[in-house]
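Trainee: Right, I'll just put the structure down here and ask away after.
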2 protein chains.
Amino acid sequence: MAFFPASLENLIDKFASLPGVGKKSAQRLAFHMLSLSNQEAEAFADAITHAKHSVHFCRVCQNFTEDDICGICASDRRDHSVICVVSEPRDVLSIERGREYNGTYHVLHGVLSPMSHVGPEDIKIKELLARVAEGEVEEVIMATNPDTEGEATALYLSRLLKPFEVKVSRLAYGIPVGSNLEFADDATLNRAIEGRTEM
Amino acid sequence: MAFFPASLENLIDKFASLPGVGKKSAQRLAFHMLSLSNQEAEAFADAITHAKHSVHFCRVCQNFTEDDICGICASDRRDHSVICVVSEPRDVLSIERGREYNGTYHVLHGVLSPMSHVGPEDIKIKELLARVAEGEVEEVIMATNPDTEGEATALYLSRLLKPFEVKVSRLAYGIPVGSNLEFADDATLNRAIEGRTEM
């Protein structure tokens, strides 16, 4: 039932193709776009084109960057002997927010997922192995999400890394700081007990 | 805390400026945009520019159109003596979905709202009066939403239309078809009783 003008229907379809945006929201977003000034709408379109053209993967860590090598990989104030492996660029942001970690990252851009047909060649694994093979890396920290696929990916990587004789570690599991034992699920509580540390 | 490349941060900000899109969703949408092929991203940007350039208001009813006059206003199969007044273009879609109404529309693009500083000159009222003043219109149906602002707008318009001696009507209030008396709120039930019709 195409009822709006074709170019508006097209814009609605485009918004509806975005993750988590339903038909109704897509309509609202398209209407909003029409309510913007020409300049604002143009700026929006330009932002897409510009980001798409200038952002690519860092040659080293595969995080988003506009340069050949990202700021973290290029910095001599970071510890290049440690690599923290994450699945998505937003995870880098999360860890950086903690202002504690001073090593480098490696962004896999996904996790192994047989169900979604994501195999080892679909994520940035060989780039990680190449970095480790250069010999400067001493420790690789697995920081994939603590779910089935994240776990499987971490395990798979740790096996691949065995021959290089680097230390491979995993983020600690446990009760979130500031939360309540009462609300922790069983799996988390069991892991917290297993991973208990001496005081 | 700008951490992503500037053009990506800019794109995230743009998405975050959309109604109902928070910072996290904006990030997800921007990342999705980067994951598209160059062609797909370009098509998205073009859809915005194209819609913004080609869609404007119908000279008669103020609904969205790419032409001078929209399909409904230009059709000789519609009854041009009846105008249904709605607040938004999406309301036209809702009424058309019913396949019952055969008159024309008038889109106000808003409702009177003193709280949001929307006055009579901010919505398409004078365009409606101009249409009625031409003398061919016999009935104006108020189909603004049955909330305080929609009601006030309908009442205000009906007073403005008095001098033109056209019939002014209001959509019927009542129990939604297929719903349950048990779940109808008091105001709706009272309106349904007031507006009861003979069988």
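By convention in this document, the chains of the structure tokens carry letters A, B, ... by their order, each chain's residues are numbered from 1, and ligands are numbered from 1 in the order they are shown.
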For chain A, which residues have at least one atom within 6 Å of chain B, if we go by only C-alpha atoms? Write them as a list in words, please.
Mentor: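 Here they are: Pro5, Ser7, Leu8, Leu11, Leu34, Ala45, Ala47, Ala51, Lys52, Thr65 and Glu66 of chain A.
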Trainee: Only N, CA, C and O atoms, please: the residues just picked out, written as a tab-separated table (two decimals), in the first residue's frame.
Mentor:
```
chain	number	residue	atom	x	y	z
A	5	PRO	N	4.35	9.78	-1.22
A	5	PRO	CA	5.12	9.94	-2.46
A	5	PRO	C	6.27	8.94	-2.50
A	5	PRO	O	6.81	8.57	-1.45
A	7	SER	N	9.44	8.95	-3.17
A	7	SER	CA	10.72	9.24	-2.53
A	7	SER	C	10.60	9.18	-1.01
A	7	SER	O	11.55	8.84	-0.31
A	8	LEU	N	9.40	9.48	-0.50
A	8	LEU	CA	9.18	9.39	0.95
A	8	LEU	C	9.06	7.93	1.37
A	8	LEU	O	9.65	7.50	2.37
A	11	LEU	N	12.46	6.56	1.52
A	11	LEU	CA	13.18	6.96	2.72
A	11	LEU	C	12.70	6.17	3.93
A	11	LEU	O	13.51	5.74	4.77
A	34	LEU	N	12.02	15.17	6.89
A	34	LEU	CA	11.38	16.16	6.02
A	34	LEU	C	11.14	17.48	6.75
A	34	LEU	O	11.05	18.53	6.12
A	45	ALA	N	22.79	13.66	5.37
A	45	ALA	CA	23.20	12.80	4.25
A	45	ALA	C	24.72	12.83	4.10
A	45	ALA	O	25.36	11.79	3.89
A	47	ALA	N	26.89	13.37	6.43
A	47	ALA	CA	27.52	12.68	7.54
A	47	ALA	C	27.66	11.20	7.23
A	47	ALA	O	28.68	10.57	7.54
A	51	ALA	N	31.36	9.68	6.68
A	51	ALA	CA	31.82	8.64	7.59
A	51	ALA	C	32.16	7.37	6.81
A	51	ALA	O	33.20	6.76	7.02
A	52	LYS	N	31.28	7.03	5.87
A	52	LYS	CA	31.49	5.81	5.10
A	52	LYS	C	32.78	5.89	4.29
A	52	LYS	O	33.50	4.89	4.15
A	65	THR	N	39.12	3.83	12.32
A	65	THR	CA	40.00	4.98	12.32
A	65	THR	C	39.88	5.71	10.99
A	65	THR	O	39.38	5.14	10.01
A	66	GLU	N	40.28	6.97	10.97
A	66	GLU	CA	40.31	7.69	9.70
A	66	GLU	C	41.73	7.70	9.14
A	66	GLU	O	41.98	8.16	8.04
```
Trainee: Taking the DSSP secondary structure from the backbone, can you list the residues of stretch 43-73 of chain B that are helix (DSSP H, G or I), as an MDAnalysis selection string?
Mentor: chainID B and resid 43:54 71:73
Trainee: Name all residues at most 12 Å from A:Ser75 (count only C-alpha atoms; drop same-chain ones fewer than 5 positions away) and give them as a short mmCIF file (atom, residue, chain, number, x, y, z; two decimals) with N, CA and C atoms, in the first residue's frame.
Mentor:
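Saved as around_23.cif:
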```cif
data_model
loop_
_atom_site.label_atom_id
_atom_site.label_comp_id
_atom_site.auth_asym_id
_atom_site.auth_seq_id
_atom_site.Cartn_x
_atom_site.Cartn_y
_atom_site.Cartn_z
N ILE A 69 46.77 4.07 10.81
CA ILE A 69 46.86 3.38 12.09
C ILE A 69 46.13 4.22 13.12
N CYS A 70 45.35 3.59 14.01
CA CYS A 70 44.51 4.35 14.95
C CYS A 70 45.35 5.00 16.04
N HIS A 80 52.56 -1.79 24.13
CA HIS A 80 52.30 -2.59 22.94
C HIS A 80 52.59 -4.08 23.12
N ASN A 102 46.05 0.04 29.78
CA ASN A 102 46.99 0.87 29.03
C ASN A 102 47.64 0.15 27.85
N GLY A 103 47.13 -1.05 27.55
CA GLY A 103 47.70 -1.80 26.43
C GLY A 103 47.02 -1.43 25.12
N THR A 104 47.13 -2.33 24.14
CA THR A 104 46.48 -2.09 22.85
C THR A 104 45.26 -3.01 22.72
#
```
Trainee: Need to verify the contact set: stretch 186-196 of chain B, 7 Å, only C-alpha atoms, exclusion of same-chain residues closer than 6 positions in sequence. Can you return it as a PyMOL selection string?
Mentor: chain B and resi 173-175
Trainee: How would the residues just chosen look if you wrote them out with N, CA and C atoms as a PDB file, in the first residue's frame?
Mentor:
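Resulting contents of result.pdb:
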```pdb
ATOM      1  N   TYR B 173     -16.965   9.224  18.912  1.00  0.00           N
ATOM      2  CA  TYR B 173     -16.241   8.581  20.008  1.00  0.00           C
ATOM      3  C   TYR B 173     -16.974   7.318  20.378  1.00  0.00           C
ATOM      4  N   GLY B 174     -16.290   6.352  20.895  1.00  0.00           N
ATOM      5  CA  GLY B 174     -16.990   5.171  21.375  1.00  0.00           C
ATOM      6  C   GLY B 174     -16.060   4.019  21.634  1.00  0.00           C
ATOM      7  N   ILE B 175     -16.664   2.871  21.897  1.00  0.00           N
ATOM      8  CA  ILE B 175     -15.902   1.664  22.179  1.00  0.00           C
ATOM      9  C   ILE B 175     -15.272   1.198  20.856  1.00  0.00           C
TER      10      ILE B 175
END
```
Trainee: For atom CA of A:Cys84 and atom CA of A:Val107, quote the distance in Å rounded to one decimal.
Mentor: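 These two atoms are separated by 8.5 Å.
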Trainee: When distances are computed from only C-alpha atoms, which of B:Glu182, B:Glu149, B:Asp76, B:Glu139 shows the smallest separation from B:Ser169?
Mentor: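 So, comparing all the options, the nearest one is B:Glu139.
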Trainee: If you measure from atom CA of B:Gly22 to atom CA of A:Ile95, what distance in Å do you get, rounded to one decimal?
Mentor: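 Separating atom CA of B:Gly22 from atom CA of A:Ile95 is a distance of 20.6 Å.
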Trainee: Would you pick out the contacts of stretch 156-166 of chain A at 8 Å or less, using only C-alpha atoms, so that residues sharing its chain but fewer than 5 positions from it are not included, and give the list as a list in words?
Mentor: Ile125, Leu129, Val132, Ala133, Val137, Glu138, Glu139 and Val140 of chain A
Trainee: Please dump the current selection as a short mmCIF file (atom, residue, chain, number, x, y, z; two decimals), in the first residue's frame; keep C-alpha atoms.
Mentor:
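Output (result-v4.cif):
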```
data_model
loop_
_atom_site.label_atom_id
_atom_site.label_comp_id
_atom_site.auth_asym_id
_atom_site.auth_seq_id
_atom_site.Cartn_x
_atom_site.Cartn_y
_atom_site.Cartn_z
CA ILE A 125 41.66 -13.68 13.52
CA LEU A 129 47.89 -14.05 14.75
CA VAL A 132 51.44 -12.00 17.80
CA ALA A 133 53.77 -13.71 15.31
CA VAL A 137 53.46 -9.35 22.28
CA GLU A 138 53.69 -10.86 25.75
CA GLU A 139 50.07 -11.14 26.78
CA VAL A 140 46.73 -11.49 25.02
#
```
Trainee: Could you check how far atom CA of B:Ser116 sits from atom CA of B:Pro146, in Å to one decimal?
Mentor: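 Distance between the two atoms: 18.1 Å.
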